[in-house]
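Visitor: Contents of protein_36.cif (mmCIF, C-alpha atoms) are below:
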data_query
loop_
_atom_site.group_PDB
_atom_site.id
_atom_site.type_symbol
_atom_site.label_atom_id
_atom_site.label_comp_id
_atom_site.auth_asym_id
_atom_site.auth_seq_id
_atom_site.Cartn_x
_atom_site.Cartn_y
_atom_site.Cartn_z
ATOM 1 C CA MET A 1 3.723 48.181 -15.873
ATOM 2 C CA SER A 2 5.960 47.884 -18.911
ATOM 3 C CA SER A 3 5.461 44.921 -21.207
ATOM 4 C CA ASN A 4 9.162 44.204 -20.702
ATOM 5 C CA ASN A 5 8.357 43.101 -17.150
ATOM 6 C CA LEU A 6 5.932 40.405 -18.287
ATOM 7 C CA THR A 7 7.038 36.809 -18.771
ATOM 8 C CA VAL A 8 5.138 34.354 -20.937
ATOM 9 C CA SER A 9 5.607 30.697 -20.015
ATOM 10 C CA TYR A 10 3.854 27.339 -20.045
ATOM 11 C CA ALA A 11 2.121 25.906 -16.990
ATOM 12 C CA PRO A 12 2.688 25.120 -14.199
ATOM 13 C CA HIS A 13 3.009 28.708 -12.999
ATOM 14 C CA ILE A 14 3.125 27.877 -9.270
ATOM 15 C CA ARG A 15 5.882 25.624 -7.954
ATOM 16 C CA ASP A 16 7.046 24.473 -4.526
ATOM 17 C CA ARG A 17 9.852 22.393 -3.081
ATOM 18 C CA MET A 18 7.819 19.165 -2.849
ATOM 19 C CA THR A 19 9.310 17.023 -5.601
ATOM 20 C CA THR A 20 8.556 13.401 -6.456
ATOM 21 C CA SER A 21 11.779 12.225 -4.864
ATOM 22 C CA ARG A 22 11.035 14.239 -1.704
ATOM 23 C CA ILE A 23 7.572 12.666 -1.425
ATOM 24 C CA MET A 24 8.967 9.167 -1.949
ATOM 25 C CA LEU A 25 11.664 9.802 0.651
ATOM 26 C CA ASP A 26 9.054 10.966 3.160
ATOM 27 C CA VAL A 27 7.049 7.775 2.659
ATOM 28 C CA ILE A 28 10.195 5.669 3.063
ATOM 29 C CA ILE A 29 10.991 7.517 6.301
ATOM 30 C CA ALA A 30 7.432 6.866 7.494
ATOM 31 C CA LEU A 31 7.960 3.132 6.939
ATOM 32 C CA ILE A 32 11.068 2.971 9.149
ATOM 33 C CA PRO A 33 9.168 2.244 12.408
ATOM 34 C CA SER A 34 7.439 -0.725 10.778
ATOM 35 C CA PHE A 35 10.753 -1.934 9.409
ATOM 36 C CA ILE A 36 12.331 -1.813 12.864
ATOM 37 C CA VAL A 37 9.448 -3.838 14.313
ATOM 38 C CA ALA A 38 9.778 -6.381 11.499
ATOM 39 C CA VAL A 39 13.471 -6.885 12.248
ATOM 40 C CA VAL A 40 12.800 -7.269 15.975
ATOM 41 C CA VAL A 41 9.840 -9.637 15.554
ATOM 42 C CA PHE A 42 10.859 -11.686 12.510
ATOM 43 C CA GLY A 43 14.628 -11.453 12.626
ATOM 44 C CA PRO A 44 17.417 -10.349 10.258
ATOM 45 C CA ARG A 45 15.855 -11.992 7.196
ATOM 46 C CA SER A 46 13.488 -9.019 7.167
ATOM 47 C CA VAL A 47 16.456 -6.881 6.114
ATOM 48 C CA LEU A 48 17.386 -9.342 3.374
ATOM 49 C CA VAL A 49 13.882 -9.549 1.888
ATOM 50 C CA THR A 50 13.414 -5.779 1.976
ATOM 51 C CA GLY A 51 16.844 -5.114 0.485
ATOM 52 C CA VAL A 52 16.385 -7.655 -2.306
ATOM 53 C CA CYS A 53 12.978 -6.240 -3.236
ATOM 54 C CA ALA A 54 14.207 -2.641 -3.273
ATOM 55 C CA ALA A 55 17.278 -3.550 -5.340
ATOM 56 C CA ALA A 56 15.301 -5.740 -7.759
ATOM 57 C CA CYS A 57 12.734 -2.998 -8.393
ATOM 58 C CA VAL A 58 15.473 -0.455 -9.094
ATOM 59 C CA ALA A 59 17.249 -2.910 -11.404
ATOM 60 C CA CYS A 60 14.043 -3.688 -13.325
ATOM 61 C CA GLU A 61 13.268 -0.008 -13.819
ATOM 62 C CA TRP A 62 16.822 0.858 -14.883
ATOM 63 C CA ALA A 63 17.070 -2.074 -17.300
ATOM 64 C CA TYR A 64 13.662 -1.441 -18.902
ATOM 65 C CA GLU A 65 14.377 2.240 -19.483
ATOM 66 C CA LYS A 66 17.889 1.469 -20.712
ATOM 67 C CA ILE A 67 16.672 -1.095 -23.241
ATOM 68 C CA LEU A 68 13.962 1.236 -24.570
ATOM 69 C CA ASN A 69 16.288 4.249 -24.481
ATOM 70 C CA ARG A 70 13.986 6.141 -22.123
ATOM 71 C CA LYS A 71 14.910 8.786 -19.575
ATOM 72 C CA ASN A 72 16.233 7.180 -16.415
ATOM 73 C CA THR A 73 13.844 7.707 -13.489
ATOM 74 C CA VAL A 74 15.576 5.642 -10.806
ATOM 75 C CA LYS A 75 16.570 8.801 -8.919
ATOM 76 C CA ASP A 76 12.930 9.688 -8.168
ATOM 77 C CA MET A 77 12.992 6.809 -5.623
ATOM 78 C CA SER A 78 9.575 5.492 -6.657
ATOM 79 C CA ALA A 79 11.089 2.100 -7.553
ATOM 80 C CA VAL A 80 12.783 1.882 -4.145
ATOM 81 C CA LEU A 81 9.480 2.630 -2.421
ATOM 82 C CA THR A 82 7.646 0.054 -4.525
ATOM 83 C CA GLY A 83 10.207 -2.566 -3.522
ATOM 84 C CA ILE A 84 9.855 -1.749 0.166
ATOM 85 C CA LEU A 85 6.059 -1.814 0.029
ATOM 86 C CA LEU A 86 6.096 -5.121 -1.808
ATOM 87 C CA ALA A 87 8.470 -6.596 0.774
ATOM 88 C CA PHE A 88 6.168 -5.393 3.548
ATOM 89 C CA ASN A 89 3.349 -7.354 1.890
ATOM 90 C CA LEU A 90 5.301 -10.632 1.857
ATOM 91 C CA PRO A 91 5.989 -13.306 4.473
ATOM 92 C CA VAL A 92 9.523 -13.093 5.816
ATOM 93 C CA THR A 93 10.064 -16.701 4.653
ATOM 94 C CA ILE A 94 9.344 -15.945 0.984
ATOM 95 C CA PRO A 95 11.944 -17.457 -1.389
ATOM 96 C CA LEU A 96 14.030 -14.617 -2.771
ATOM 97 C CA TRP A 97 13.512 -15.620 -6.409
ATOM 98 C CA GLN A 98 9.764 -15.319 -5.898
ATOM 99 C CA ALA A 99 10.256 -11.883 -4.384
ATOM 100 C CA VAL A 100 12.265 -10.849 -7.462
ATOM 101 C CA PHE A 101 9.470 -12.180 -9.685
ATOM 102 C CA GLY A 102 7.052 -9.964 -7.781
ATOM 103 C CA CYS A 103 9.322 -6.984 -8.367
ATOM 104 C CA PHE A 104 9.301 -7.718 -12.105
ATOM 105 C CA VAL A 105 5.497 -7.776 -12.096
ATOM 106 C CA ALA A 106 5.282 -4.537 -10.110
ATOM 107 C CA ILE A 107 7.790 -2.490 -12.106
ATOM 108 C CA ILE A 108 7.582 -3.887 -15.633
ATOM 109 C CA LEU A 109 4.033 -5.217 -16.009
ATOM 110 C CA VAL A 110 2.160 -2.741 -13.826
ATOM 111 C CA LYS A 111 4.227 0.448 -13.940
ATOM 112 C CA GLN A 112 6.575 0.729 -16.913
ATOM 113 C CA ILE A 113 4.524 -1.009 -19.571
ATOM 114 C CA PHE A 114 1.835 1.649 -19.108
ATOM 115 C CA GLY A 115 4.325 4.489 -19.455
ATOM 116 C CA GLY A 116 5.980 4.772 -16.063
ATOM 117 C CA LEU A 117 5.188 6.679 -12.893
ATOM 118 C CA GLY A 118 1.954 8.621 -13.144
ATOM 119 C CA LYS A 119 0.461 6.440 -15.872
ATOM 120 C CA ASN A 120 -0.056 3.112 -14.095
ATOM 121 C CA PHE A 121 -3.722 2.393 -13.377
ATOM 122 C CA ALA A 122 -3.113 0.246 -10.297
ATOM 123 C CA ASN A 123 -0.802 0.225 -7.319
ATOM 124 C CA PRO A 124 2.258 -1.820 -8.407
ATOM 125 C CA ALA A 125 3.015 -3.387 -5.013
ATOM 126 C CA ILE A 126 -0.610 -4.379 -4.372
ATOM 127 C CA THR A 127 -1.009 -5.892 -7.836
ATOM 128 C CA ALA A 128 2.265 -7.801 -7.547
ATOM 129 C CA ARG A 129 1.208 -9.192 -4.166
ATOM 130 C CA ILE A 130 -2.055 -10.505 -5.632
ATOM 131 C CA VAL A 131 -0.257 -12.057 -8.605
ATOM 132 C CA MET A 132 2.226 -13.712 -6.240
ATOM 133 C CA PHE A 133 -0.586 -14.951 -4.010
ATOM 134 C CA LEU A 134 -2.204 -16.648 -6.992
ATOM 135 C CA ALA A 135 1.101 -17.965 -8.374
ATOM 136 C CA PHE A 136 2.677 -19.104 -5.107
ATOM 137 C CA PRO A 137 -0.196 -19.816 -2.692
ATOM 138 C CA ILE A 138 1.832 -22.021 -0.339
ATOM 139 C CA THR A 139 4.852 -19.791 0.216
ATOM 140 C CA MET A 140 2.648 -16.695 0.294
ATOM 141 C CA SER A 141 0.609 -18.266 3.105
ATOM 142 C CA THR A 142 3.460 -19.512 5.299
ATOM 143 C CA TRP A 143 3.722 -17.364 8.402
ATOM 144 C CA VAL A 144 6.401 -17.356 11.068
ATOM 145 C CA VAL A 145 5.494 -17.192 14.746
ATOM 146 C CA PRO A 146 7.212 -14.113 16.263
ATOM 147 C CA PHE A 147 10.579 -14.733 17.934
ATOM 148 C CA ASP A 148 10.529 -18.361 16.728
ATOM 149 C CA ALA A 149 11.451 -20.438 13.708
ATOM 150 C CA ILE A 150 8.158 -22.334 13.549
ATOM 151 C CA THR A 151 5.179 -21.419 11.406
ATOM 152 C CA GLY A 152 1.622 -20.772 12.513
ATOM 153 C CA PRO A 153 -1.671 -19.110 11.505
ATOM 154 C CA THR A 154 -2.216 -15.365 11.341
ATOM 155 C CA PRO A 155 -4.889 -13.633 13.453
ATOM 156 C CA LEU A 156 -7.153 -13.382 10.390
ATOM 157 C CA ALA A 157 -6.849 -17.133 9.860
ATOM 158 C CA TYR A 158 -8.010 -17.661 13.450
ATOM 159 C CA LEU A 159 -10.929 -15.302 12.836
ATOM 160 C CA LEU A 160 -11.904 -17.091 9.633
ATOM 161 C CA LYS A 161 -11.990 -20.416 11.481
ATOM 162 C CA GLY A 162 -13.827 -18.921 14.442
ATOM 163 C CA GLU A 163 -10.978 -19.825 16.830
ATOM 164 C CA ILE A 164 -11.242 -16.664 18.882
ATOM 165 C CA ASP A 165 -9.627 -18.199 21.970
ATOM 166 C CA ALA A 166 -6.428 -18.734 19.961
ATOM 167 C CA MET A 167 -6.226 -15.052 18.975
ATOM 168 C CA PRO A 168 -3.381 -12.917 20.349
ATOM 169 C CA GLY A 169 -4.358 -10.273 22.855
ATOM 170 C CA THR A 170 -5.462 -6.843 21.670
ATOM 171 C CA MET A 171 -2.195 -5.227 22.766
ATOM 172 C CA ASP A 172 -0.135 -7.893 20.970
ATOM 173 C CA LEU A 173 -2.188 -7.244 17.835
ATOM 174 C CA PHE A 174 -1.656 -3.495 18.107
ATOM 175 C CA LEU A 175 2.073 -3.751 18.775
ATOM 176 C CA GLY A 176 2.679 -6.407 16.097
ATOM 177 C CA VAL A 177 3.617 -9.455 18.152
ATOM 178 C CA HIS A 178 1.888 -11.977 15.902
ATOM 179 C CA GLY A 179 2.261 -13.706 12.552
ATOM 180 C CA GLY A 180 1.680 -11.892 9.294
ATOM 181 C CA CYS A 181 3.395 -10.146 6.415
ATOM 182 C CA LEU A 182 6.734 -8.546 7.117
ATOM 183 C CA GLY A 183 5.576 -4.939 7.491
ATOM 184 C CA GLU A 184 1.897 -5.170 8.324
ATOM 185 C CA THR A 185 1.794 -6.495 11.889
ATOM 186 C CA SER A 186 2.475 -3.406 14.031
ATOM 187 C CA ASP A 187 -0.432 -0.984 13.818
ATOM 188 C CA LEU A 188 1.344 1.324 16.265
ATOM 189 C CA ALA A 189 4.382 1.617 13.992
ATOM 190 C CA LEU A 190 2.180 2.192 10.948
ATOM 191 C CA LEU A 191 0.205 4.885 12.784
ATOM 192 C CA ILE A 192 3.431 6.654 13.706
ATOM 193 C CA GLY A 193 4.342 6.658 10.019
ATOM 194 C CA GLY A 194 0.876 7.911 9.103
ATOM 195 C CA VAL A 195 1.085 10.811 11.557
ATOM 196 C CA TYR A 196 4.453 11.759 10.055
ATOM 197 C CA LEU A 197 2.969 11.801 6.547
ATOM 198 C CA LEU A 198 0.010 13.895 7.699
ATOM 199 C CA ALA A 199 2.352 16.356 9.406
ATOM 200 C CA ARG A 200 4.424 16.576 6.236
ATOM 201 C CA ARG A 201 1.211 17.036 4.215
ATOM 202 C CA VAL A 202 2.170 14.147 1.984
ATOM 203 C CA ILE A 203 -1.228 12.490 2.515
ATOM 204 C CA THR A 204 -4.668 13.567 3.696
ATOM 205 C CA TRP A 205 -6.782 11.744 6.273
ATOM 206 C CA HIS A 206 -9.749 11.031 4.022
ATOM 207 C CA ALA A 207 -8.889 7.615 2.524
ATOM 208 C CA PRO A 208 -7.156 6.067 5.573
ATOM 209 C CA VAL A 209 -9.799 7.137 8.086
ATOM 210 C CA THR A 210 -12.803 6.159 5.965
ATOM 211 C CA PHE A 211 -11.146 2.848 5.027
ATOM 212 C CA ILE A 212 -10.475 1.835 8.633
ATOM 213 C CA ALA A 213 -13.778 3.286 9.918
ATOM 214 C CA THR A 214 -15.756 1.350 7.305
ATOM 215 C CA VAL A 215 -14.130 -1.936 8.294
ATOM 216 C CA LEU A 216 -14.755 -1.136 11.968
ATOM 217 C CA ALA A 217 -18.403 -0.163 11.426
ATOM 218 C CA LEU A 218 -19.323 -3.089 9.177
ATOM 219 C CA SER A 219 -17.566 -5.553 11.477
ATOM 220 C CA ALA A 220 -19.529 -4.139 14.413
ATOM 221 C CA VAL A 221 -22.828 -4.363 12.537
ATOM 222 C CA THR A 222 -22.156 -7.980 11.545
ATOM 223 C CA GLY A 223 -20.893 -8.873 15.015
ATOM 224 C CA THR A 224 -17.519 -10.117 13.796
ATOM 225 C CA TYR A 225 -15.136 -8.786 16.435
ATOM 226 C CA PRO A 226 -14.522 -5.253 15.084
ATOM 227 C CA VAL A 227 -11.412 -4.537 17.178
ATOM 228 C CA TYR A 228 -9.778 -7.761 16.020
ATOM 229 C CA GLN A 229 -10.752 -6.977 12.425
ATOM 230 C CA ILE A 230 -9.064 -3.581 12.305
ATOM 231 C CA PHE A 231 -5.932 -4.639 14.190
ATOM 232 C CA SER A 232 -5.402 -7.813 12.130
ATOM 233 C CA GLY A 233 -4.008 -8.227 8.626
ATOM 234 C CA GLY A 234 -2.810 -5.455 6.358
ATOM 235 C CA LEU A 235 -5.568 -2.907 6.980
ATOM 236 C CA PHE A 236 -3.360 -0.157 8.436
ATOM 237 C CA LEU A 237 -0.575 -0.743 5.910
ATOM 238 C CA GLY A 238 -3.020 -0.641 3.012
ATOM 239 C CA ALA A 239 -5.067 2.286 4.313
ATOM 240 C CA ILE A 240 -2.157 4.553 5.204
ATOM 241 C CA PHE A 241 0.434 3.722 2.565
ATOM 242 C CA MET A 242 -1.441 2.338 -0.463
ATOM 243 C CA ALA A 243 -4.895 3.876 -0.418
ATOM 244 C CA THR A 244 -3.110 7.251 -0.432
ATOM 245 C CA ASP A 245 -1.026 6.653 -3.566
ATOM 246 C CA TYR A 246 -1.101 9.824 -5.683
ATOM 247 C CA VAL A 247 -1.309 8.007 -9.010
ATOM 248 C CA THR A 248 -3.941 5.345 -8.383
ATOM 249 C CA THR A 249 -6.346 7.080 -5.992
ATOM 250 C CA PRO A 250 -8.817 9.962 -6.524
ATOM 251 C CA LEU A 251 -7.732 13.568 -6.886
ATOM 252 C CA THR A 252 -10.455 15.105 -4.718
ATOM 253 C CA ARG A 253 -10.963 14.795 -0.983
ATOM 254 C CA SER A 254 -14.520 13.553 -1.387
ATOM 255 C CA GLY A 255 -13.262 11.071 -3.959
ATOM 256 C CA ARG A 256 -10.664 9.768 -1.521
ATOM 257 C CA ALA A 257 -13.385 9.279 1.085
ATOM 258 C CA ILE A 258 -15.453 7.313 -1.444
ATOM 259 C CA PHE A 259 -12.353 5.277 -2.275
ATOM 260 C CA GLY A 260 -11.796 4.445 1.399
ATOM 261 C CA ILE A 261 -15.420 3.462 1.964
ATOM 262 C CA GLY A 262 -15.444 1.251 -1.131
ATOM 263 C CA ALA A 263 -12.162 -0.444 -0.234
ATOM 264 C CA GLY A 264 -13.389 -1.023 3.310
ATOM 265 C CA LEU A 265 -16.641 -2.551 2.080
ATOM 266 C CA ILE A 266 -14.850 -4.940 -0.283
ATOM 267 C CA THR A 267 -12.368 -5.874 2.439
ATOM 268 C CA VAL A 268 -15.125 -6.844 4.863
ATOM 269 C CA LEU A 269 -17.097 -8.775 2.239
ATOM 270 C CA ILE A 270 -14.032 -10.848 1.319
ATOM 271 C CA ARG A 271 -13.036 -11.416 4.940
ATOM 272 C CA LEU A 272 -16.507 -12.563 5.942
ATOM 273 C CA TYR A 273 -17.765 -14.376 2.874
ATOM 274 C CA GLY A 274 -14.748 -15.099 0.670
ATOM 275 C CA SER A 275 -12.370 -18.025 0.691
ATOM 276 C CA TYR A 276 -9.405 -15.783 1.583
ATOM 277 C CA PRO A 277 -8.957 -14.504 5.138
ATOM 278 C CA GLU A 278 -7.697 -11.102 3.882
ATOM 279 C CA GLY A 279 -9.327 -8.670 1.458
ATOM 280 C CA VAL A 280 -7.358 -5.423 1.757
ATOM 281 C CA SER A 281 -5.290 -5.931 -1.405
ATOM 282 C CA PHE A 282 -8.327 -6.879 -3.477
ATOM 283 C CA GLY A 283 -10.282 -3.932 -2.089
ATOM 284 C CA ILE A 284 -7.598 -1.440 -3.072
ATOM 285 C CA LEU A 285 -7.036 -2.973 -6.517
ATOM 286 C CA ILE A 286 -10.744 -3.007 -7.374
ATOM 287 C CA MET A 287 -11.126 0.606 -6.267
ATOM 288 C CA ASN A 288 -8.012 1.529 -8.314
ATOM 289 C CA MET A 289 -9.909 0.415 -11.397
ATOM 290 C CA ILE A 290 -12.838 2.765 -10.814
ATOM 291 C CA VAL A 291 -10.825 5.836 -9.814
ATOM 292 C CA PRO A 292 -11.451 7.575 -13.190
ATOM 293 C CA TYR A 293 -15.202 7.350 -12.560
ATOM 294 C CA ILE A 294 -14.819 8.630 -8.995
ATOM 295 C CA ASN A 295 -12.798 11.577 -10.292
ATOM 296 C CA LYS A 296 -15.448 12.290 -12.910
ATOM 297 C CA ILE A 297 -18.292 12.555 -10.409
ATOM 298 C CA THR A 298 -16.381 14.412 -7.694
ATOM 299 C CA MET A 299 -14.295 16.965 -9.587
ATOM 300 C CA SER A 300 -15.885 20.386 -9.913
ATOM 301 C CA LYS A 301 -16.500 21.870 -13.322
ATOM 302 C CA PRO A 302 -14.238 24.856 -14.157
ATOM 303 C CA LEU A 303 -16.004 28.214 -14.463
ATOM 304 C CA GLY A 304 -17.245 28.421 -18.010
ATOM 305 C CA GLY A 305 -16.371 24.825 -18.715
ATOM 306 C CA ILE A 306 -18.562 22.514 -20.731
ATOM 307 C CA LYS A 307 -20.148 19.585 -18.925
ATOM 308 C CA PRO A 308 -18.632 16.317 -20.271
#
Just dump the structure as structure tokens.

Guide:
Amino acid sequence: MSSNNLTVSYAPHIRDRMTTSRIMLDVIIALIPSFIVAVVVFGPRSVLVTGVCAAACVACEWAYEKILNRKNTVKDMSAVLTGILLAFNLPVTIPLWQAVFGCFVAIILVKQIFGGLGKNFANPAITARIVMFLAFPITMSTWVVPFDAITGPTPLAYLLKGEIDAMPGTMDLFLGVHGGCLGETSDLALLIGGVYLLARRVITWHAPVTFIATVLALSAVTGTYPVYQIFSGGLFLGAIFMATDYVTTPLTRSGRAIFGIGAGLITVLIRLYGSYPEGVSFGILIMNMIVPYINKITMSKPLGGIKP
């Protein structure tokens, strides 16, 4: 072979068609079934909250990068996805200005201030939800009864109080006909989205399955209604769409399994022994913080590499 046929270039040397914007679009498509259920169950304000959050996240990202004269990244659709995920973690009754505040926290304080997509240490939507929960505990805990204008407890609140007789039926829990955050109630819709992402090879099964299985197993061991525990709250939303985030979760398959087990353990501990009825967001955020250590112990050493 002639040396004229050789090309010298920097890595990466192998490329495919899966771009950041394509991945973000796939995740957005996977969230459509949950969005449809939210509109049916909670009404047209679901559209307003989701639209405001998506627009506010895009505006925050564009403005921050414009002010600092950075390359505009709005077209990668990561800000749109963050806005949708944040909206799905909010009550449909949330005041819009509070939702915009959450978008500011997610995009500016969690994502951009650390350097933008790929450099944030925690999931922006999850972190913003926790900040909002601490800042606005009343409005973040006001839940609408499906197909009605009145408010009422969520299934997890019934579980925390031990009011099992007041719980919705298992099928209602699975389909999403109960109170809760805008996009978390329908496990069926979330599973449909998860299957789509698996088929598209956007995510792997390791974190979602171990996350949900850990909650199921520990709830069974402690005798705390395991089926109710997995079908209530934001477990499926968190496991499928946030515990699989490329940036803030482990790089290896074994690491993702460890991440899921750890998040599941923290979720159950908070649900059973904490003052909050839900622990999914805290479980994911805490595990986000130890991802570098998980990567360190699970990544294989390159041939000839020096042990760190």

Visitor: State, in Å with one decimal place, the distance from atom CA of A:Gly279 to atom CA of A:Ile164.

Guide: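 Distance between the two atoms: 19.3 Å.
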
Visitor: Determine, counting all atoms listed in the file, which protein, DNA and RNA residues have an atom within 8 Å of an atom of A:Gly234; residues of the same chain fewer than 6 positions away are not included. Present the result as number ranges by chain.

Guide: A: 89, 181, 184-185, 278, 280

Visitor: Work out how far apart atom CA of A:Val202 and atom CA of A:Gly102 are and give it in Å to one decimal.

Guide: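 Computing the Euclidean distance for atom CA of A:Val202 and atom CA of A:Gly102 yields 26.5 Å.
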
Visitor: Just the residues within 6 Å of A:Gly83, please, counting only C-alpha atoms, with nothing from its chain fewer than 4 positions along; format it as JSON, numbers by chain.

Guide: {"A": [53, 54, 57]}

Visitor: Pull out every residue that the PyMOL selection byres ((chain A and resi 32) around 12) matches in the shown coordinates and put them as a PyMOL selection string.

Guide: chain A and resi 25-31+33-39+47+50+81+84-85+88+183+186+189-194+196

Visitor: Using C-alpha atoms, can you write the selected residues to a file as a PDB file, in the frame of the given file?

Guide:
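Produced file selection.pdb, reproduced below:
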ATOM      1  CA  LEU A  25      11.664   9.802   0.651  1.00  0.00           C
ATOM      2  CA  ASP A  26       9.054  10.966   3.160  1.00  0.00           C
ATOM      3  CA  VAL A  27       7.049   7.775   2.659  1.00  0.00           C
ATOM      4  CA  ILE A  28      10.195   5.669   3.063  1.00  0.00           C
ATOM      5  CA  ILE A  29      10.991   7.517   6.301  1.00  0.00           C
ATOM      6  CA  ALA A  30       7.432   6.866   7.494  1.00  0.00           C
ATOM      7  CA  LEU A  31       7.960   3.132   6.939  1.00  0.00           C
ATOM      8  CA  PRO A  33       9.168   2.244  12.408  1.00  0.00           C
ATOM      9  CA  SER A  34       7.439  -0.725  10.778  1.00  0.00           C
ATOM     10  CA  PHE A  35      10.753  -1.934   9.409  1.00  0.00           C
ATOM     11  CA  ILE A  36      12.331  -1.813  12.864  1.00  0.00           C
ATOM     12  CA  VAL A  37       9.448  -3.838  14.313  1.00  0.00           C
ATOM     13  CA  ALA A  38       9.778  -6.381  11.499  1.00  0.00           C
ATOM     14  CA  VAL A  39      13.471  -6.885  12.248  1.00  0.00           C
ATOM     15  CA  VAL A  47      16.456  -6.881   6.114  1.00  0.00           C
ATOM     16  CA  THR A  50      13.414  -5.779   1.976  1.00  0.00           C
ATOM     17  CA  LEU A  81       9.480   2.630  -2.421  1.00  0.00           C
ATOM     18  CA  ILE A  84       9.855  -1.749   0.166  1.00  0.00           C
ATOM     19  CA  LEU A  85       6.059  -1.814   0.029  1.00  0.00           C
ATOM     20  CA  PHE A  88       6.168  -5.393   3.548  1.00  0.00           C
ATOM     21  CA  GLY A 183       5.576  -4.939   7.491  1.00  0.00           C
ATOM     22  CA  SER A 186       2.475  -3.406  14.031  1.00  0.00           C
ATOM     23  CA  ALA A 189       4.382   1.617  13.992  1.00  0.00           C
ATOM     24  CA  LEU A 190       2.180   2.192  10.948  1.00  0.00           C
ATOM     25  CA  LEU A 191       0.205   4.885  12.784  1.00  0.00           C
ATOM     26  CA  ILE A 192       3.431   6.654  13.706  1.00  0.00           C
ATOM     27  CA  GLY A 193       4.342   6.658  10.019  1.00  0.00           C
ATOM     28  CA  GLY A 194       0.876   7.911   9.103  1.00  0.00           C
ATOM     29  CA  TYR A 196       4.453  11.759  10.055  1.00  0.00           C
TER      30      TYR A 196
END

Visitor: Considering all atoms listed in the file, can you say which of A:Thr93, A:Ser219, A:Ser254, A:Gln112 comes closest to A:Glu65?

Guide: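 Looking only at the distances to A:Glu65, the closest residue turns out to be A:Gln112.
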
Visitor: Do you know which residues are at most 12 Å from A:Ile297 counting all atoms listed in the file, after dropping those on the same chain fewer than 6 positions away, and could you put them as a list in words?

Guide: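 Counting all atoms listed in the file, the residues come to Pro250, Leu251, Thr252, Ser254, Gly255, Ile258, Ile290, Val291, Lys307 and Pro308 of chain A.
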
Visitor: Here is a test: counting only C-alpha atoms, which residue of A:Asn295, A:Thr154, A:Thr214, A:Thr170 is nearest to A:Arg253?

Guide: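 Ranked by minimum distance to A:Arg253, first place goes to A:Asn295.
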
Visitor: How far is it from atom CA of A:Val209 to atom CA of A:Ala243, in Å with one decimal?

Guide: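 Taking atom CA of A:Val209 and atom CA of A:Ala243, their separation equals 10.3 Å.
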
Visitor: Give me, as a count of residues only, all polymer residues having an atom no more than 10 Å from A:Val195, counting all atoms listed in the file and skipping those fewer than 5 positions away in the same chain.

Guide: 7

Visitor: Could you expand the PyMOL selection byres ((chain A and resi 62) around 12) into the explicit residues it covers here, written as a ChimeraX atom specification?

Guide: /A:55-61,63-80,104,107-108,112,116

Visitor: Which residue out of A:Ala106, A:Ala125, A:Ile94, A:Met287 has the minimum interatomic distance to A:Trp143 when all atoms listed in the file are used?

Guide: A:Ile94

Visitor: Output: stretch 227-257 of chain A of the preceding structure, restricted to C-alpha atoms, written as a short mmCIF file (atom, residue, chain, number, x, y, z; two decimals), in the first residue's frame.

Guide:
data_model
loop_
_atom_site.label_atom_id
_atom_site.label_comp_id
_atom_site.auth_asym_id
_atom_site.auth_seq_id
_atom_site.Cartn_x
_atom_site.Cartn_y
_atom_site.Cartn_z
CA VAL A 227 -46.53 -3.69 43.84
CA TYR A 228 -47.85 -0.39 45.16
CA GLN A 229 -44.29 0.83 45.72
CA ILE A 230 -43.13 0.28 42.15
CA PHE A 231 -46.30 1.58 40.51
CA SER A 232 -46.48 4.73 42.66
CA GLY A 233 -44.48 7.94 42.43
CA GLY A 234 -41.77 8.71 39.91
CA LEU A 235 -39.94 5.37 39.93
CA PHE A 236 -40.53 4.49 36.26
CA LEU A 237 -39.90 8.05 35.07
CA GLY A 238 -36.67 8.27 37.05
CA ALA A 239 -35.45 4.76 36.22
CA ILE A 240 -36.10 4.90 32.48
CA PHE A 241 -35.43 8.53 31.62
CA MET A 242 -33.06 9.91 34.28
CA ALA A 243 -31.03 6.99 35.56
CA THR A 244 -29.99 6.44 31.93
CA ASP A 245 -28.63 9.94 31.31
CA TYR A 246 -25.36 9.63 29.37
CA VAL A 247 -23.60 12.44 31.22
CA THR A 248 -24.44 11.74 34.86
CA THR A 249 -24.53 7.93 34.98
CA PRO A 250 -21.75 5.31 34.70
CA LEU A 251 -20.06 4.43 31.43
CA THR A 252 -19.96 0.66 31.95
CA ARG A 253 -22.84 -1.79 32.05
CA SER A 254 -21.82 -3.13 35.44
CA GLY A 255 -21.52 0.44 36.66
CA ARG A 256 -25.05 1.20 35.49
CA ALA A 257 -26.31 -1.84 37.39
#
